[in-house]
Amino acid sequence: MKHKIIIWGYPLHTHTHSYIHNAFFKAFEYLGHDVYWFDDNNYPVDFDYGNCIFLTEGFADKNIPLNKTSTYFVHVCVNSGKYLGNVKKLIDVRYLQEKMENDNYDFVLDKNNCVELDKGILYDKNSREYDICYASWGTDLLTHEINEYWVNIERENTYYFIGSVSHNGRFANGPMINEFVNCCSKNGINHIYIDPWSKPVDSETNIILTQKSILSPDFRNETHKNWGYLACRLFKSISYGHLGMTNSPINARFIDDSIICDENISNLFELGMSNRHDKDRIKHQMNIVKNKHTYLNRIDGLFQLL
């Protein structure tokens, strides 16, 4: 069934979540839906917002039109009262993780009270005033775009890191990246950092540079590991043809035991270097992501709540 989809959120390259919006936009468009992308500062006032499916984020919905014939998937729904009574249906889309403490909101995930709608989408059967589900991110590639041939791409003697770096606070990833860079330097491997905010690159360039990188690890800070946060970087790196490697045991287990995992960064580097030519392992991981961790999978799960 064809739907009118409105992604209401961050313009591309202005916020980390804008890349999530972009991945959903691409997947919805591929599925043949009518897809629009608006934000609080750029939207038509004469648009028919009736009978739509909205996908938004709780800190990017200040001016979102509320319509009693439309359904709203709100990630980080910090203001449910805004929607209740004013829309057809509200679905609070929370991070698929063990818990969240003192951040956007607090929760503890009780999987015994959840049903899996699709891999990466859990529905809370105890939902009362509105539906609550827990959603994992995925790769930004569509199923048919994931190409096993990419395991044969010749890597450069360089570690490319494209992403935000934070050196302080409970979400700091800088110390781990620096330690990994030091491991690279000791082994004669170069390092190139690309800041996505000062010098954003398009999706194609991001994929090419990641594929050139000698390794493409996912690093989670202690808070993320404690919460069980499932980041998109691991899914993306694998789908681009890289060996899946992370310092987060929960991230690794969510895919399967073939993921290279060690909480010690030096050990993780050594394991990555030792296994980076294991093409059978990489292809196995790519097929898992291809079949279970695209945004097509996530949409299949979310749409069961319509």
# chains A, B, ... in the order shown; residues from 1 in each chain; ligands from 1

call {"tool": "residues_around", "arguments": {"residues": "segment 204-210 of chain A", "least_positions_apart": "3", "cutoff": "8 Å", "atoms": "only C-alpha atoms", "output": "ChimeraX atom specification"}}
result
/A:160-162,201,213,216,237,240

call {"tool": "residues_around", "arguments": {"residues": "segment 34-43 of chain A", "least_positions_apart": "5", "cutoff": "7 Å", "atoms": "only C-alpha atoms", "output": "PDB file with N, CA and C atoms, in the first residue's frame"}}
result
ATOM      1  N   HIS A   3       1.824   5.051   0.769  1.00  0.00           N
ATOM      2  CA  HIS A   3       1.523   6.022   1.805  1.00  0.00           C
ATOM      3  C   HIS A   3       2.160   7.377   1.475  1.00  0.00           C
ATOM      4  N   LYS A   4       1.619   8.412   2.094  1.00  0.00           N
ATOM      5  CA  LYS A   4       2.242   9.735   2.038  1.00  0.00           C
ATOM      6  C   LYS A   4       3.074   9.886   3.316  1.00  0.00           C
ATOM      7  N   ILE A   5       4.370   9.921   3.146  1.00  0.00           N
ATOM      8  CA  ILE A   5       5.308   9.947   4.267  1.00  0.00           C
ATOM      9  C   ILE A   5       5.901  11.343   4.406  1.00  0.00           C
ATOM     10  N   ILE A   6       5.913  11.846   5.620  1.00  0.00           N
ATOM     11  CA  ILE A   6       6.568  13.128   5.881  1.00  0.00           C
ATOM     12  C   ILE A   6       7.648  12.926   6.938  1.00  0.00           C
ATOM     13  N   ILE A   7       8.888  13.121   6.534  1.00  0.00           N
ATOM     14  CA  ILE A   7       9.992  13.138   7.495  1.00  0.00           C
ATOM     15  C   ILE A   7      10.140  14.584   7.948  1.00  0.00           C
ATOM     16  N   TRP A   8       9.963  14.791   9.234  1.00  0.00           N
ATOM     17  CA  TRP A   8      10.020  16.142   9.797  1.00  0.00           C
ATOM     18  C   TRP A   8      11.191  16.177  10.774  1.00  0.00           C
ATOM     19  N   GLY A   9      12.249  16.854  10.381  1.00  0.00           N
ATOM     20  CA  GLY A   9      13.401  16.823  11.279  1.00  0.00           C
ATOM     21  C   GLY A   9      14.529  17.702  10.835  1.00  0.00           C
ATOM     22  N   TYR A  10      15.725  17.183  10.978  1.00  0.00           N
ATOM     23  CA  TYR A  10      16.931  17.972  10.748  1.00  0.00           C
ATOM     24  C   TYR A  10      17.346  17.953   9.277  1.00  0.00           C
ATOM     25  N   PRO A  11      17.650  19.117   8.690  1.00  0.00           N
ATOM     26  CA  PRO A  11      18.198  19.127   7.331  1.00  0.00           C
ATOM     27  C   PRO A  11      19.514  18.344   7.296  1.00  0.00           C
ATOM     28  N   PHE A  25      14.421   8.226   4.419  1.00  0.00           N
ATOM     29  CA  PHE A  25      13.913   8.844   3.187  1.00  0.00           C
ATOM     30  C   PHE A  25      14.233   7.958   1.984  1.00  0.00           C
ATOM     31  N   PHE A  28      12.079   4.701   2.137  1.00  0.00           N
ATOM     32  CA  PHE A  28      10.674   4.959   1.817  1.00  0.00           C
ATOM     33  C   PHE A  28      10.496   5.216   0.317  1.00  0.00           C
ATOM     34  N   GLU A  29      11.397   6.008  -0.249  1.00  0.00           N
ATOM     35  CA  GLU A  29      11.322   6.328  -1.670  1.00  0.00           C
ATOM     36  C   GLU A  29      11.476   5.068  -2.514  1.00  0.00           C
ATOM     37  N   ALA A  60      13.025  18.073  17.317  1.00  0.00           N
ATOM     38  CA  ALA A  60      12.971  18.707  15.995  1.00  0.00           C
ATOM     39  C   ALA A  60      11.534  18.842  15.515  1.00  0.00           C
ATOM     40  N   ASP A  61      10.592  18.878  16.458  1.00  0.00           N
ATOM     41  CA  ASP A  61       9.177  18.863  16.085  1.00  0.00           C
ATOM     42  C   ASP A  61       8.405  20.087  16.587  1.00  0.00           C
ATOM     43  N   LYS A  62       9.107  21.180  16.785  1.00  0.00           N
ATOM     44  CA  LYS A  62       8.472  22.386  17.347  1.00  0.00           C
ATOM     45  C   LYS A  62       7.279  22.842  16.511  1.00  0.00           C
ATOM     46  N   ASN A  63       7.426  22.858  15.199  1.00  0.00           N
ATOM     47  CA  ASN A  63       6.378  23.377  14.313  1.00  0.00           C
ATOM     48  C   ASN A  63       5.658  22.291  13.532  1.00  0.00           C
ATOM     49  N   ILE A  64       5.807  21.047  13.936  1.00  0.00           N
ATOM     50  CA  ILE A  64       5.185  19.956  13.193  1.00  0.00           C
ATOM     51  C   ILE A  64       3.663  20.104  13.223  1.00  0.00           C
TER      52      ILE A  64
END

call {"tool": "residues_around", "arguments": {"residues": "segment 92-106 of chain A", "least_positions_apart": "6", "cutoff": "8 Å", "atoms": "only C-alpha atoms", "output": "ChimeraX atom specification"}}
result
/A:73-78,120-122,130-136,227-230

call {"tool": "select_by_dssp", "arguments": {"residues": "segment 41-70 of chain A", "states": "strand (DSSP E)", "output": "VMD selection string"}}
result
chain A and resid 52 to 57

call {"tool": "residues_around", "arguments": {"residues": "segment 277-288 of chain A", "least_positions_apart": "3", "cutoff": "7 Å", "atoms": "only C-alpha atoms", "output": "MDAnalysis selection string"}}
result
chainID A and resid 148 151 238:239 241:243 258 291:292

call {"tool": "write_last_selection", "arguments": {"atoms": "C-alpha atoms", "output": "CSV table (one decimal), in the first residue's frame"}}
result
chain,number,residue,atom,x,y,z
A,148,GLU,CA,30.0,-9.0,-1.7
A,151,VAL,CA,35.5,-7.6,0.3
A,238,ILE,CA,30.1,-4.2,7.5
A,239,SER,CA,27.7,-3.4,4.7
A,241,GLY,CA,32.6,-4.6,2.9
A,242,HIS,CA,34.6,-4.3,6.1
A,243,LEU,CA,35.3,-6.7,8.9
A,258,SER,CA,31.6,-13.6,14.2
A,291,ASN,CA,19.0,-9.6,5.4
A,292,LYS,CA,18.3,-8.1,8.9

call {"tool": "closest_residue", "arguments": {"among": "A:Arg128, A:His224, A:His191, A:Lys119", "to": "Arg170 of chain A", "atoms": "only C-alpha atoms"}}
result
A:His224

call {"tool": "closest_atom_pairs", "arguments": {"of": "segment 259-294 of chain A", "to": "segment 139-146 of chain A", "cutoff": "7 Å", "atoms": "only C-alpha atoms", "output": "JSON lines"}}
result
{"residue": "A:Lys290", "atom": "CA", "partner": "A:Thr143", "partner_atom": "CA", "distance": 5.2}
{"residue": "A:His293", "atom": "CA", "partner": "A:Thr139", "partner_atom": "CA", "distance": 6.4}
{"residue": "A:Thr294", "atom": "CA", "partner": "A:Thr139", "partner_atom": "CA", "distance": 5.2}

call {"tool": "residues_around", "arguments": {"residues": "Met1 of chain A", "least_positions_apart": "2", "cutoff": "10 Å", "atoms": "only C-alpha atoms", "output": "short mmCIF file (atom, residue, chain, number, x, y, z; two decimals) with N, CA and C atoms, in the first residue's frame"}}
result
data_model
loop_
_atom_site.label_atom_id
_atom_site.label_comp_id
_atom_site.auth_asym_id
_atom_site.auth_seq_id
_atom_site.Cartn_x
_atom_site.Cartn_y
_atom_site.Cartn_z
N HIS A 3 1.82 5.05 0.77
CA HIS A 3 1.52 6.02 1.81
C HIS A 3 2.16 7.38 1.47
N LEU A 31 10.67 2.13 -1.71
CA LEU A 31 9.46 1.31 -1.56
C LEU A 31 8.26 1.88 -2.32
N GLY A 32 8.43 3.05 -2.93
CA GLY A 32 7.39 3.61 -3.77
C GLY A 32 6.41 4.54 -3.08
N HIS A 33 6.72 4.95 -1.86
CA HIS A 33 5.84 5.88 -1.15
C HIS A 33 6.10 7.31 -1.63
#

call {"tool": "atom_distance", "arguments": {"atom1": "atom CA of Val289 of chain A", "atom2": "atom CA of Lys236 of chain A"}}
result
8.6 Å

call {"tool": "atom_distance", "arguments": {"atom1": "atom CA of Val87 of chain A", "atom2": "atom CA of Leu305 of chain A"}}
result
14.8 Å

call {"tool": "closest_residue", "arguments": {"among": "A:Ser164, A:Asn297, A:Asn187, A:Asn251", "to": "Met273 of chain A", "atoms": "only C-alpha atoms"}}
result
A:Asn187

call {"tool": "closest_residue", "arguments": {"among": "A:Glu222, A:Thr71, A:Asp256, A:Tyr30", "to": "Tyr49 of chain A", "atoms": "only C-alpha atoms"}}
result
A:Thr71

call {"tool": "atom_distance", "arguments": {"atom1": "atom CA of Asn112 of chain A", "atom2": "atom CA of Phe254 of chain A"}}
result
17.0 Å

call {"tool": "closest_residue", "arguments": {"among": "A:Cys52, A:Leu117, A:Leu109, A:Ile265", "to": "Ile299 of chain A", "atoms": "only C-alpha atoms"}}
result
A:Leu117

call {"tool": "select_by_dssp", "arguments": {"residues": "segment 204-278 of chain A", "states": "helix (DSSP H, G or I)", "output": "ChimeraX atom specification"}}
result
/A:204-212,222-227,232-239,249-255,265-275

call {"tool": "decode", "arguments": {"residues": "segment 3-110 of chain A", "atoms": "C-alpha atoms", "output": "short mmCIF file (atom, residue, chain, number, x, y, z; two decimals), in the first residue's frame"}}
result
data_model
loop_
_atom_site.label_atom_id
_atom_site.label_comp_id
_atom_site.auth_asym_id
_atom_site.auth_seq_id
_atom_site.Cartn_x
_atom_site.Cartn_y
_atom_site.Cartn_z
CA HIS A 3 1.52 6.02 1.81
CA LYS A 4 2.24 9.74 2.04
CA ILE A 5 5.31 9.95 4.27
CA ILE A 6 6.57 13.13 5.88
CA ILE A 7 9.99 13.14 7.49
CA TRP A 8 10.02 16.14 9.80
CA GLY A 9 13.40 16.82 11.28
CA TYR A 10 16.93 17.97 10.75
CA PRO A 11 18.20 19.13 7.33
CA LEU A 12 20.97 16.90 6.02
CA HIS A 13 24.43 17.50 7.56
CA THR A 14 23.05 19.70 10.37
CA HIS A 15 22.67 17.03 13.06
CA THR A 16 23.67 13.42 13.65
CA HIS A 17 20.03 12.38 13.40
CA SER A 18 19.80 13.93 9.93
CA TYR A 19 21.62 10.85 8.61
CA ILE A 20 18.94 8.63 10.13
CA HIS A 21 16.29 10.75 8.40
CA ASN A 22 18.20 10.47 5.15
CA ALA A 23 18.38 6.67 5.39
CA PHE A 24 14.65 6.44 6.06
CA PHE A 25 13.91 8.84 3.19
CA LYS A 26 15.92 6.69 0.79
CA ALA A 27 14.20 3.49 1.93
CA PHE A 28 10.67 4.96 1.82
CA GLU A 29 11.32 6.33 -1.67
CA TYR A 30 12.64 2.96 -2.86
CA LEU A 31 9.46 1.31 -1.56
CA GLY A 32 7.39 3.61 -3.77
CA HIS A 33 5.84 5.88 -1.15
CA ASP A 34 5.32 9.62 -1.66
CA VAL A 35 8.05 11.02 0.60
CA TYR A 36 8.61 14.59 1.76
CA TRP A 37 11.29 16.01 4.04
CA PHE A 38 10.43 19.17 5.97
CA ASP A 39 11.85 20.85 9.07
CA ASP A 40 10.77 23.46 11.60
CA ASN A 41 12.16 26.29 9.48
CA ASN A 42 11.32 25.01 6.03
CA TYR A 43 7.84 23.66 5.33
CA PRO A 44 4.83 24.53 3.16
CA VAL A 45 1.82 26.00 4.96
CA ASP A 46 -0.61 25.03 2.18
CA PHE A 47 0.37 21.32 2.17
CA ASP A 48 -2.29 18.67 2.89
CA TYR A 49 -1.04 17.11 6.12
CA GLY A 50 -4.03 14.78 6.39
CA ASN A 51 -3.74 10.98 6.17
CA CYS A 52 0.04 11.11 6.42
CA ILE A 53 2.64 9.07 8.26
CA PHE A 54 5.07 11.37 10.05
CA LEU A 55 8.56 10.34 11.12
CA THR A 56 10.17 12.88 13.43
CA GLU A 57 12.42 13.42 16.46
CA GLY A 58 11.35 14.91 19.77
CA PHE A 59 13.73 17.87 19.64
CA ALA A 60 12.97 18.71 16.00
CA ASP A 61 9.18 18.86 16.08
CA LYS A 62 8.47 22.39 17.35
CA ASN A 63 6.38 23.38 14.31
CA ILE A 64 5.19 19.96 13.19
CA PRO A 65 1.52 20.08 12.05
CA LEU A 66 -0.76 17.93 14.19
CA ASN A 67 -3.55 16.22 12.28
CA LYS A 68 -6.20 13.84 13.62
CA THR A 69 -6.05 11.68 10.50
CA SER A 70 -2.27 11.19 10.58
CA THR A 71 0.05 8.80 12.44
CA TYR A 72 3.24 10.02 14.15
CA PHE A 73 6.37 7.99 14.77
CA VAL A 74 8.36 10.15 17.21
CA HIS A 75 11.89 9.14 18.12
CA VAL A 76 12.76 10.43 21.60
CA CYS A 77 9.18 11.44 22.35
CA VAL A 78 9.87 13.85 25.19
CA ASN A 79 6.51 15.62 24.86
CA SER A 80 3.81 13.01 24.34
CA GLY A 81 1.15 15.38 25.68
CA LYS A 82 1.61 17.54 22.61
CA TYR A 83 0.32 14.72 20.42
CA LEU A 84 -2.28 12.97 22.55
CA GLY A 85 -5.78 13.92 21.52
CA ASN A 86 -4.51 15.84 18.50
CA VAL A 87 -3.40 13.01 16.20
CA LYS A 88 -4.76 9.70 14.95
CA LYS A 89 -1.99 7.66 16.53
CA LEU A 90 1.28 8.27 18.39
CA ILE A 91 4.16 5.79 18.46
CA ASP A 92 7.07 6.58 20.79
CA VAL A 93 10.15 5.16 19.03
CA ARG A 94 12.83 4.63 21.66
CA TYR A 95 16.42 3.49 21.27
CA LEU A 96 16.70 -0.28 21.24
CA GLN A 97 18.99 -0.54 24.24
CA GLU A 98 18.92 -2.01 27.73
CA LYS A 99 18.20 1.31 29.43
CA MET A 100 18.53 5.08 29.33
CA GLU A 101 19.35 7.14 32.39
CA ASN A 102 19.06 10.87 32.98
CA ASP A 103 19.15 11.83 29.36
CA ASN A 104 16.18 12.38 27.03
CA TYR A 105 14.08 10.21 29.30
CA ASP A 106 14.59 7.29 31.64
CA PHE A 107 13.58 3.73 30.86
CA VAL A 108 14.60 0.14 31.43
CA LEU A 109 13.85 -2.26 28.58
CA ASP A 110 11.98 -5.36 29.76
#
